[in-house]
>>> print(open('structure-v1.cif').read())   # mmCIF, N, CA and C atoms
data_coords
loop_
_atom_site.label_atom_id
_atom_site.label_comp_id
_atom_site.auth_asym_id
_atom_site.auth_seq_id
_atom_site.Cartn_x
_atom_site.Cartn_y
_atom_site.Cartn_z
N MET P 181 0.84 -1.19 0.00
CA MET P 181 0.00 0.00 0.00
C MET P 181 0.88 1.24 0.00
N ASN P 182 0.45 2.21 -0.76
CA ASN P 182 1.22 3.45 -0.75
C ASN P 182 0.67 4.39 0.33
N LYS P 183 1.37 5.48 0.52
CA LYS P 183 1.04 6.43 1.58
C LYS P 183 -0.39 6.97 1.43
N ARG P 184 -0.79 7.25 0.19
CA ARG P 184 -2.14 7.80 -0.05
C ARG P 184 -3.23 6.82 0.37
N GLN P 185 -3.02 5.54 0.13
CA GLN P 185 -4.03 4.54 0.45
C GLN P 185 -4.15 4.29 1.94
N THR P 186 -3.08 4.48 2.70
CA THR P 186 -3.12 4.20 4.13
C THR P 186 -3.68 5.36 4.94
N GLN P 187 -3.68 6.58 4.37
CA GLN P 187 -4.20 7.73 5.09
C GLN P 187 -5.73 7.72 5.08
N THR P 188 -6.28 8.43 6.04
CA THR P 188 -7.73 8.59 6.10
C THR P 188 -8.18 9.35 4.87
N LYS P 189 -9.30 8.94 4.33
CA LYS P 189 -9.84 9.60 3.13
C LYS P 189 -10.28 11.01 3.48
N ARG P 190 -9.70 11.98 2.82
CA ARG P 190 -10.08 13.38 2.94
C ARG P 190 -10.44 13.87 1.56
N GLN P 191 -11.30 14.85 1.51
CA GLN P 191 -11.65 15.42 0.22
C GLN P 191 -10.46 16.15 -0.37
N THR P 192 -10.26 15.91 -1.65
CA THR P 192 -9.19 16.63 -2.35
C THR P 192 -9.68 18.03 -2.69
N PRO P 193 -8.78 18.93 -3.03
CA PRO P 193 -9.21 20.28 -3.42
C PRO P 193 -10.20 20.27 -4.60
N MET P 194 -9.97 19.39 -5.57
CA MET P 194 -10.90 19.32 -6.70
C MET P 194 -12.28 18.84 -6.27
N GLN P 195 -12.30 17.85 -5.38
CA GLN P 195 -13.59 17.37 -4.88
C GLN P 195 -14.33 18.46 -4.14
N LYS P 196 -13.60 19.21 -3.32
CA LYS P 196 -14.22 20.31 -2.59
C LYS P 196 -14.80 21.35 -3.54
N GLN P 197 -14.08 21.62 -4.61
CA GLN P 197 -14.49 22.66 -5.54
C GLN P 197 -15.64 22.23 -6.44
N PHE P 198 -15.58 21.00 -6.94
CA PHE P 198 -16.51 20.60 -8.00
C PHE P 198 -17.55 19.56 -7.64
N ALA P 199 -17.35 18.79 -6.60
CA ALA P 199 -18.23 17.66 -6.30
C ALA P 199 -19.66 18.07 -5.98
N ALA P 200 -19.83 19.17 -5.30
CA ALA P 200 -21.17 19.56 -4.85
C ALA P 200 -22.16 19.76 -5.99
N ASP P 201 -21.69 20.31 -7.11
CA ASP P 201 -22.63 20.58 -8.19
C ASP P 201 -22.31 19.82 -9.48
N CYS P 202 -21.47 18.81 -9.37
CA CYS P 202 -21.07 18.03 -10.55
C CYS P 202 -22.26 17.42 -11.26
N GLU P 203 -23.13 16.75 -10.53
CA GLU P 203 -24.30 16.10 -11.13
C GLU P 203 -25.20 17.12 -11.82
N ALA P 204 -25.44 18.25 -11.18
CA ALA P 204 -26.30 19.29 -11.76
C ALA P 204 -25.67 19.85 -13.03
N LYS P 205 -24.37 20.05 -13.04
CA LYS P 205 -23.68 20.58 -14.23
C LYS P 205 -23.72 19.59 -15.38
N ARG P 206 -23.53 18.31 -15.06
CA ARG P 206 -23.61 17.27 -16.11
C ARG P 206 -25.00 17.21 -16.70
N LYS P 207 -26.02 17.25 -15.84
CA LYS P 207 -27.39 17.21 -16.35
C LYS P 207 -27.66 18.44 -17.21
N GLU P 208 -27.23 19.60 -16.76
CA GLU P 208 -27.41 20.84 -17.52
C GLU P 208 -26.76 20.72 -18.90
N CYS P 209 -25.57 20.17 -18.94
CA CYS P 209 -24.85 19.96 -20.19
C CYS P 209 -25.64 19.06 -21.14
N PHE P 210 -26.02 17.89 -20.64
CA PHE P 210 -26.70 16.91 -21.49
C PHE P 210 -28.11 17.37 -21.86
N LEU P 211 -28.79 18.01 -20.93
CA LEU P 211 -30.12 18.53 -21.21
C LEU P 211 -30.05 19.62 -22.28
N GLY P 212 -29.04 20.47 -22.19
CA GLY P 212 -28.87 21.53 -23.19
C GLY P 212 -28.64 20.97 -24.58
N VAL P 213 -27.80 19.95 -24.68
CA VAL P 213 -27.54 19.32 -25.98
C VAL P 213 -28.81 18.66 -26.50
N ALA P 214 -29.50 17.93 -25.65
CA ALA P 214 -30.73 17.24 -26.08
C ALA P 214 -31.78 18.25 -26.54
N ARG P 215 -31.91 19.35 -25.81
CA ARG P 215 -32.88 20.38 -26.18
C ARG P 215 -32.53 21.00 -27.53
N GLU P 216 -31.27 21.32 -27.69
CA GLU P 216 -30.83 21.97 -28.94
C GLU P 216 -30.97 21.02 -30.13
N LEU P 217 -30.55 19.78 -29.96
CA LEU P 217 -30.69 18.78 -31.03
C LEU P 217 -32.15 18.61 -31.43
N THR P 218 -32.99 18.42 -30.45
CA THR P 218 -34.41 18.17 -30.71
C THR P 218 -35.09 19.41 -31.28
N GLY P 219 -34.78 20.56 -30.73
CA GLY P 219 -35.36 21.81 -31.21
C GLY P 219 -34.96 22.12 -32.64
N ARG P 220 -33.68 21.93 -32.95
CA ARG P 220 -33.22 22.19 -34.32
C ARG P 220 -33.87 21.23 -35.31
N ALA P 221 -34.00 19.97 -34.91
CA ALA P 221 -34.65 18.98 -35.78
C ALA P 221 -36.12 19.34 -36.00
N LYS P 222 -36.80 19.73 -34.94
CA LYS P 222 -38.21 20.14 -35.04
C LYS P 222 -38.34 21.39 -35.90
N GLN P 223 -37.41 22.33 -35.75
CA GLN P 223 -37.43 23.56 -36.55
C GLN P 223 -37.27 23.24 -38.04
N ARG P 224 -36.37 22.32 -38.38
CA ARG P 224 -36.19 21.91 -39.78
C ARG P 224 -37.48 21.30 -40.32
N GLU P 225 -38.09 20.45 -39.50
CA GLU P 225 -39.35 19.81 -39.89
C GLU P 225 -40.44 20.85 -40.15
N LEU P 226 -40.56 21.82 -39.27
CA LEU P 226 -41.58 22.86 -39.41
C LEU P 226 -41.26 23.83 -40.56
N SER P 227 -39.98 24.10 -40.77
CA SER P 227 -39.58 25.00 -41.86
C SER P 227 -40.02 24.45 -43.22
N ALA P 228 -39.98 23.14 -43.35
CA ALA P 228 -40.43 22.52 -44.60
C ALA P 228 -41.92 22.78 -44.85
N LYS P 229 -42.65 23.09 -43.78
CA LYS P 229 -44.09 23.38 -43.87
C LYS P 229 -44.35 24.88 -43.76
N ASP P 230 -43.29 25.69 -43.92
CA ASP P 230 -43.38 27.15 -43.78
C ASP P 230 -43.92 27.59 -42.43
N LYS P 231 -43.50 26.89 -41.39
CA LYS P 231 -43.86 27.24 -40.02
C LYS P 231 -42.58 27.43 -39.24
N SER P 232 -42.70 28.00 -38.05
CA SER P 232 -41.51 28.12 -37.21
C SER P 232 -41.82 27.61 -35.81
N LEU P 233 -40.78 27.21 -35.14
CA LEU P 233 -40.91 26.65 -33.80
C LEU P 233 -41.05 27.77 -32.78
N ASP P 234 -42.01 27.63 -31.88
CA ASP P 234 -42.14 28.55 -30.75
C ASP P 234 -41.18 28.01 -29.68
N TRP P 235 -39.98 28.59 -29.64
CA TRP P 235 -38.93 28.08 -28.75
C TRP P 235 -39.31 28.18 -27.29
N GLU P 236 -40.06 29.19 -26.93
CA GLU P 236 -40.45 29.35 -25.53
C GLU P 236 -41.35 28.19 -25.09
N LYS P 237 -42.35 27.88 -25.89
CA LYS P 237 -43.24 26.75 -25.58
C LYS P 237 -42.48 25.43 -25.63
N PHE P 238 -41.63 25.30 -26.64
CA PHE P 238 -40.85 24.07 -26.79
C PHE P 238 -39.96 23.86 -25.56
N ASN P 239 -39.26 24.91 -25.13
CA ASN P 239 -38.37 24.79 -23.96
C ASN P 239 -39.14 24.40 -22.71
N ALA P 240 -40.31 24.97 -22.51
CA ALA P 240 -41.13 24.63 -21.34
C ALA P 240 -41.55 23.16 -21.39
N TYR P 241 -42.01 22.72 -22.56
CA TYR P 241 -42.41 21.32 -22.76
C TYR P 241 -41.22 20.40 -22.51
N PHE P 242 -40.08 20.75 -23.06
CA PHE P 242 -38.89 19.92 -22.96
C PHE P 242 -38.42 19.79 -21.51
N GLU P 243 -38.38 20.91 -20.81
CA GLU P 243 -37.97 20.90 -19.40
C GLU P 243 -38.88 20.00 -18.57
N LYS P 244 -40.17 20.08 -18.84
CA LYS P 244 -41.14 19.26 -18.09
C LYS P 244 -40.96 17.77 -18.42
N ALA P 245 -40.75 17.47 -19.69
CA ALA P 245 -40.61 16.07 -20.11
C ALA P 245 -39.41 15.39 -19.47
N TYR P 246 -38.33 16.14 -19.26
CA TYR P 246 -37.10 15.55 -18.74
C TYR P 246 -36.77 15.98 -17.31
N ALA P 247 -37.72 16.51 -16.62
CA ALA P 247 -37.49 17.02 -15.26
C ALA P 247 -36.96 15.96 -14.30
N ASP P 248 -37.42 14.73 -14.43
CA ASP P 248 -37.03 13.67 -13.49
C ASP P 248 -35.80 12.88 -13.93
N TYR P 249 -35.23 13.21 -15.06
CA TYR P 249 -34.05 12.50 -15.54
C TYR P 249 -32.81 13.00 -14.82
N ASP P 250 -31.87 12.07 -14.54
CA ASP P 250 -30.58 12.50 -14.01
C ASP P 250 -29.60 12.59 -15.19
N SER P 251 -28.37 12.94 -14.91
CA SER P 251 -27.41 13.15 -16.00
C SER P 251 -27.15 11.88 -16.81
N GLU P 252 -27.05 10.75 -16.13
CA GLU P 252 -26.79 9.50 -16.85
C GLU P 252 -27.96 9.11 -17.74
N GLU P 253 -29.18 9.34 -17.28
CA GLU P 253 -30.36 9.05 -18.10
C GLU P 253 -30.42 9.98 -19.31
N MET P 254 -30.04 11.25 -19.12
CA MET P 254 -30.03 12.19 -20.24
C MET P 254 -28.99 11.77 -21.27
N LEU P 255 -27.81 11.40 -20.80
CA LEU P 255 -26.76 10.95 -21.71
C LEU P 255 -27.22 9.71 -22.48
N GLU P 256 -27.81 8.76 -21.76
CA GLU P 256 -28.31 7.55 -22.40
C GLU P 256 -29.39 7.89 -23.44
N GLU P 257 -30.27 8.81 -23.13
CA GLU P 257 -31.33 9.24 -24.05
C GLU P 257 -30.72 9.78 -25.35
N ILE P 258 -29.68 10.59 -25.21
CA ILE P 258 -29.02 11.15 -26.39
C ILE P 258 -28.34 10.06 -27.20
N LEU P 259 -27.53 9.25 -26.52
CA LEU P 259 -26.77 8.22 -27.24
C LEU P 259 -27.65 7.16 -27.88
N ASN P 260 -28.81 6.90 -27.29
CA ASN P 260 -29.73 5.91 -27.86
C ASN P 260 -30.55 6.45 -29.02
N ASN P 261 -30.65 7.77 -29.15
CA ASN P 261 -31.54 8.34 -30.16
C ASN P 261 -30.85 9.17 -31.24
N VAL P 262 -29.60 9.50 -31.06
CA VAL P 262 -28.87 10.29 -32.05
C VAL P 262 -27.72 9.44 -32.55
N TYR P 263 -27.91 8.87 -33.74
CA TYR P 263 -26.97 7.87 -34.24
C TYR P 263 -25.56 8.41 -34.42
N TRP P 264 -25.39 9.68 -34.69
CA TRP P 264 -24.06 10.21 -34.99
C TRP P 264 -23.30 10.69 -33.76
N LEU P 265 -23.88 10.56 -32.59
CA LEU P 265 -23.16 10.83 -31.34
C LEU P 265 -22.86 9.48 -30.68
N ALA P 266 -21.57 9.15 -30.60
CA ALA P 266 -21.20 7.80 -30.17
C ALA P 266 -20.80 7.68 -28.70
N ASP P 267 -20.43 8.81 -28.08
CA ASP P 267 -19.98 8.70 -26.70
C ASP P 267 -20.15 10.02 -25.95
N GLU P 268 -19.88 9.96 -24.66
CA GLU P 268 -20.06 11.12 -23.80
C GLU P 268 -19.22 12.31 -24.25
N GLN P 269 -17.99 12.05 -24.67
CA GLN P 269 -17.12 13.16 -25.08
C GLN P 269 -17.67 13.88 -26.30
N ALA P 270 -18.28 13.15 -27.23
CA ALA P 270 -18.88 13.77 -28.41
C ALA P 270 -20.03 14.69 -28.00
N VAL P 271 -20.79 14.29 -27.01
CA VAL P 271 -21.90 15.10 -26.51
C VAL P 271 -21.37 16.37 -25.84
N ILE P 272 -20.33 16.22 -25.04
CA ILE P 272 -19.72 17.37 -24.36
C ILE P 272 -19.13 18.33 -25.39
N ASP P 273 -18.45 17.80 -26.40
CA ASP P 273 -17.88 18.65 -27.46
C ASP P 273 -18.98 19.42 -28.18
N LEU P 274 -20.11 18.75 -28.42
CA LEU P 274 -21.23 19.42 -29.09
C LEU P 274 -21.79 20.53 -28.22
N ARG P 275 -21.85 20.31 -26.93
CA ARG P 275 -22.32 21.34 -26.00
C ARG P 275 -21.46 22.61 -26.11
N PHE P 276 -20.15 22.42 -26.12
CA PHE P 276 -19.27 23.58 -26.23
C PHE P 276 -19.37 24.24 -27.61
N ARG P 277 -19.61 23.45 -28.64
CA ARG P 277 -19.83 24.04 -29.97
C ARG P 277 -21.09 24.89 -29.98
N TYR P 278 -22.16 24.38 -29.37
CA TYR P 278 -23.41 25.16 -29.30
C TYR P 278 -23.20 26.45 -28.51
N LEU P 279 -22.47 26.38 -27.41
CA LEU P 279 -22.20 27.58 -26.62
C LEU P 279 -21.37 28.59 -27.42
N ARG P 280 -20.37 28.11 -28.13
CA ARG P 280 -19.54 28.99 -28.96
C ARG P 280 -20.37 29.62 -30.08
N ASP P 281 -21.22 28.82 -30.73
CA ASP P 281 -22.08 29.34 -31.79
C ASP P 281 -23.02 30.42 -31.27
N ALA P 282 -23.57 30.20 -30.09
CA ALA P 282 -24.48 31.19 -29.49
C ALA P 282 -23.72 32.48 -29.17
N GLN P 283 -22.52 32.35 -28.66
CA GLN P 283 -21.70 33.52 -28.35
C GLN P 283 -21.36 34.29 -29.62
N GLU P 284 -20.97 33.58 -30.66
CA GLU P 284 -20.64 34.23 -31.93
C GLU P 284 -21.87 34.90 -32.54
N ALA P 285 -23.02 34.25 -32.44
CA ALA P 285 -24.24 34.84 -32.96
C ALA P 285 -24.60 36.10 -32.19
N ALA P 286 -24.43 36.07 -30.88
CA ALA P 286 -24.72 37.25 -30.06
C ALA P 286 -23.76 38.38 -30.40
N ASN P 287 -22.49 38.06 -30.58
CA ASN P 287 -21.51 39.08 -30.94
C ASN P 287 -21.79 39.63 -32.34
N GLY P 288 -22.15 38.76 -33.25
CA GLY P 288 -22.48 39.20 -34.60
C GLY P 288 -23.71 40.07 -34.62
N LYS P 289 -24.70 39.72 -33.83
CA LYS P 289 -25.94 40.50 -33.76
C LYS P 289 -25.63 41.89 -33.20
N ARG P 290 -24.83 41.93 -32.13
CA ARG P 290 -24.46 43.23 -31.56
C ARG P 290 -23.68 44.05 -32.57
N HIS P 291 -22.77 43.38 -33.31
CA HIS P 291 -21.99 44.08 -34.31
C HIS P 291 -22.91 44.63 -35.40
N ASN P 292 -23.86 43.82 -35.84
CA ASN P 292 -24.81 44.28 -36.86
C ASN P 292 -25.68 45.41 -36.33
N ASP P 293 -26.09 45.34 -35.07
CA ASP P 293 -26.87 46.42 -34.47
C ASP P 293 -26.07 47.71 -34.43
N ASP P 294 -24.78 47.59 -34.12
CA ASP P 294 -23.92 48.76 -34.09
C ASP P 294 -23.80 49.38 -35.47
N ASP P 295 -23.68 48.54 -36.50
CA ASP P 295 -23.59 49.04 -37.87
C ASP P 295 -24.86 49.77 -38.27
N ALA P 296 -25.99 49.24 -37.87
CA ALA P 296 -27.27 49.85 -38.23
C ALA P 296 -27.38 51.25 -37.62
N ASP P 297 -26.84 51.42 -36.42
CA ASP P 297 -26.89 52.73 -35.76
C ASP P 297 -26.10 53.79 -36.52
N GLU P 298 -25.02 53.36 -37.22
CA GLU P 298 -24.21 54.30 -37.97
C GLU P 298 -25.00 54.97 -39.09
N PHE P 299 -26.01 54.29 -39.58
CA PHE P 299 -26.77 54.81 -40.71
C PHE P 299 -28.12 55.38 -40.29
N ALA P 300 -28.34 55.48 -39.01
CA ALA P 300 -29.60 56.01 -38.52
C ALA P 300 -29.68 57.50 -38.83
N VAL P 301 -30.87 57.92 -39.19
CA VAL P 301 -31.10 59.34 -39.52
C VAL P 301 -31.85 59.96 -38.37
N ALA P 302 -31.34 61.09 -37.90
CA ALA P 302 -32.01 61.81 -36.80
C ALA P 302 -33.27 62.45 -37.35
N LYS P 303 -34.33 62.43 -36.55
CA LYS P 303 -35.59 63.03 -36.99
C LYS P 303 -35.74 64.40 -36.41
#
>>> encode(input="structure-v1.cif", output="structure tokens")
Amino acid sequence: MNKRQTQTKRQTPMQKQFAADCEAKRKECFLGVARELTGRAKQRELSAKDKSLDWEKFNAYFEKAYADYDSEEMLEEILNNVYWLADEQAVIDLRFRYLRDAQEAANGKRHNDDDADEFAVAK
């Protein structure tokens, strides 16, 4: 046995920092990916019919449908239903891509809003 194994188990600094909300963060990650995947697919389906998705209603419905799922169940739901996502890391990578895309869209929108102001005519 090494020294670490013979000592009394104490929480490591990482455990102290991250353990308390780890499960909630994982669920938030997987729920976000599932919501975005499902919402985008539904939006494509509706766009073909010249309709658009009411994201507010969809988000409320989605949150209610998965309220009792834990992070592992959410991950399993994604991996069982999205053929092109093969493992947990692919889901996590997709989450960060969605976050980056949202940030870029927000920055682009602000940039476009700023440009529009340059051409505003005072009344």
>>> closest_residue(input="structure-v1.cif", among="P:Val213, P:Ala247, P:Cys202, P:Leu255", to="P:Arg275", atoms="all atoms listed in the file")
P:Val213
>>> axis_aligned_box(input="structure-v1.cif", around="stretch 272-281 of chain P", padding_each_side="6 Å", output="lines of an AutoDock Vina configuration file")
center_x = -20.6
center_y = 23.3
center_z = -28.1
size_x = 17.5
size_y = 26.2
size_z = 19.4
>>> atom_distance(input="structure-v1.cif", atom1="atom CA of P:Ala266", atom2="atom CA of P:Arg224")
22.7 Å
>>> atom_distance(input="structure-v1.cif", atom1="atom C of P:Thr192", atom2="atom CA of P:Glu252")
23.8 Å
>>> atom_distance(input="structure-v1.cif", atom1="atom CA of P:Ala270", atom2="atom CA of P:Ala214")
12.6 Å
>>> select_by_dssp(input="structure-v1.cif", residues="stretch 216-283 of chain P", states="helix (DSSP H, G or I)", output="JSON, numbers by chain")
{"P": [216, 217, 218, 219, 220, 221, 222, 223, 224, 225, 226, 227, 235, 236, 237, 238, 239, 240, 241, 242, 243, 244, 245, 251, 252, 253, 254, 255, 256, 257, 258, 259, 260, 261, 268, 269, 270, 271, 272, 273, 274, 275, 276, 277, 278, 279, 280, 281, 282, 283]}
>>> closest_atom_pairs(input="structure-v1.cif", of="stretch 261-282 of chain P", to="stretch 206-212 of chain P", cutoff="8 Å", atoms="all atoms listed in the file", output="JSON lines")
{"residue": "P:Val271", "atom": "C", "partner": "P:Cys209", "partner_atom": "C", "distance": 6.9}
{"residue": "P:Ile272", "atom": "CA", "partner": "P:Cys209", "partner_atom": "C", "distance": 6.9}
{"residue": "P:Leu274", "atom": "C", "partner": "P:Gly212", "partner_atom": "C", "distance": 7.8}
{"residue": "P:Arg275", "atom": "CA", "partner": "P:Cys209", "partner_atom": "C", "distance": 6.3}
{"residue": "P:Phe276", "atom": "N", "partner": "P:Cys209", "partner_atom": "CA", "distance": 8.0}
>>> write_last_selection(input="structure-v1.cif", atoms="N, CA and C atoms", output="short mmCIF file (atom, residue, chain, number, x, y, z; two decimals), in the coordinates of the input")
data_model
loop_
_atom_site.label_atom_id
_atom_site.label_comp_id
_atom_site.auth_asym_id
_atom_site.auth_seq_id
_atom_site.Cartn_x
_atom_site.Cartn_y
_atom_site.Cartn_z
N VAL P 271 -20.79 14.29 -27.01
CA VAL P 271 -21.90 15.10 -26.51
C VAL P 271 -21.37 16.37 -25.84
N ILE P 272 -20.33 16.22 -25.04
CA ILE P 272 -19.72 17.37 -24.36
C ILE P 272 -19.13 18.33 -25.39
N LEU P 274 -20.11 18.75 -28.42
CA LEU P 274 -21.23 19.42 -29.09
C LEU P 274 -21.79 20.53 -28.22
N ARG P 275 -21.85 20.31 -26.93
CA ARG P 275 -22.32 21.34 -26.00
C ARG P 275 -21.46 22.61 -26.11
N PHE P 276 -20.15 22.42 -26.12
CA PHE P 276 -19.27 23.58 -26.23
C PHE P 276 -19.37 24.24 -27.61
#
>>> closest_residue(input="structure-v1.cif", among="P:Arg280, P:Arg190, P:Arg215, P:Lys205", to="P:Tyr246", atoms="only C-alpha atoms")
P:Arg215
>>> decode(input="structure-v1.cif", residues="stretch 235-250 of chain P", atoms="N, CA, C and O atoms", output="JSON list (two decimals), in the first residue's frame")
[["chain", "number", "residue", "atom", "x", "y", "z"],
["P", 235, "TRP", "N", -39.98, 28.59, -29.64],
["P", 235, "TRP", "CA", -38.93, 28.08, -28.75],
["P", 235, "TRP", "C", -39.31, 28.18, -27.29],
["P", 235, "TRP", "O", -38.94, 27.33, -26.48],
["P", 236, "GLU", "N", -40.06, 29.19, -26.93],
["P", 236, "GLU", "CA", -40.45, 29.35, -25.53],
["P", 236, "GLU", "C", -41.35, 28.19, -25.09],
["P", 236, "GLU", "O", -41.12, 27.58, -24.04],
["P", 237, "LYS", "N", -42.35, 27.88, -25.89],
["P", 237, "LYS", "CA", -43.24, 26.75, -25.58],
["P", 237, "LYS", "C", -42.48, 25.43, -25.63],
["P", 237, "LYS", "O", -42.67, 24.56, -24.78],
["P", 238, "PHE", "N", -41.63, 25.30, -26.64],
["P", 238, "PHE", "CA", -40.85, 24.07, -26.79],
["P", 238, "PHE", "C", -39.96, 23.86, -25.56],
["P", 238, "PHE", "O", -39.90, 22.75, -25.01],
["P", 239, "ASN", "N", -39.26, 24.91, -25.13],
["P", 239, "ASN", "CA", -38.37, 24.79, -23.96],
["P", 239, "ASN", "C", -39.14, 24.40, -22.71],
["P", 239, "ASN", "O", -38.68, 23.55, -21.93],
["P", 240, "ALA", "N", -40.31, 24.97, -22.51],
["P", 240, "ALA", "CA", -41.13, 24.63, -21.34],
["P", 240, "ALA", "C", -41.55, 23.16, -21.39],
["P", 240, "ALA", "O", -41.46, 22.43, -20.39],
["P", 241, "TYR", "N", -42.01, 22.72, -22.56],
["P", 241, "TYR", "CA", -42.41, 21.32, -22.76],
["P", 241, "TYR", "C", -41.22, 20.40, -22.51],
["P", 241, "TYR", "O", -41.33, 19.38, -21.80],
["P", 242, "PHE", "N", -40.08, 20.75, -23.06],
["P", 242, "PHE", "CA", -38.89, 19.92, -22.96],
["P", 242, "PHE", "C", -38.42, 19.79, -21.51],
["P", 242, "PHE", "O", -38.11, 18.69, -21.05],
["P", 243, "GLU", "N", -38.38, 20.91, -20.81],
["P", 243, "GLU", "CA", -37.97, 20.90, -19.40],
["P", 243, "GLU", "C", -38.88, 20.00, -18.57],
["P", 243, "GLU", "O", -38.42, 19.25, -17.71],
["P", 244, "LYS", "N", -40.17, 20.08, -18.84],
["P", 244, "LYS", "CA", -41.14, 19.26, -18.09],
["P", 244, "LYS", "C", -40.96, 17.77, -18.42],
["P", 244, "LYS", "O", -40.99, 16.92, -17.53],
["P", 245, "ALA", "N", -40.75, 17.47, -19.69],
["P", 245, "ALA", "CA", -40.61, 16.07, -20.11],
["P", 245, "ALA", "C", -39.41, 15.39, -19.47],
["P", 245, "ALA", "O", -39.45, 14.19, -19.17],
["P", 246, "TYR", "N", -38.33, 16.14, -19.26],
["P", 246, "TYR", "CA", -37.10, 15.55, -18.74],
["P", 246, "TYR", "C", -36.77, 15.98, -17.31],
["P", 246, "TYR", "O", -35.66, 15.76, -16.83],
["P", 247, "ALA", "N", -37.72, 16.51, -16.62],
["P", 247, "ALA", "CA", -37.49, 17.02, -15.26],
["P", 247, "ALA", "C", -36.96, 15.96, -14.30],
["P", 247, "ALA", "O", -36.12, 16.24, -13.44],
["P", 248, "ASP", "N", -37.42, 14.73, -14.43],
["P", 248, "ASP", "CA", -37.03, 13.67, -13.49],
["P", 248, "ASP", "C", -35.80, 12.88, -13.93],
["P", 248, "ASP", "O", -35.39, 11.96, -13.23],
["P", 249, "TYR", "N", -35.23, 13.21, -15.06],
["P", 249, "TYR", "CA", -34.05, 12.50, -15.54],
["P", 249, "TYR", "C", -32.81, 13.00, -14.82],
["P", 249, "TYR", "O", -32.68, 14.18, -14.52],
["P", 250, "ASP", "N", -31.87, 12.07, -14.54],
["P", 250, "ASP", "CA", -30.58, 12.50, -14.01],
["P", 250, "ASP", "C", -29.60, 12.59, -15.19],
["P", 250, "ASP", "O", -29.97, 12.32, -16.34]]
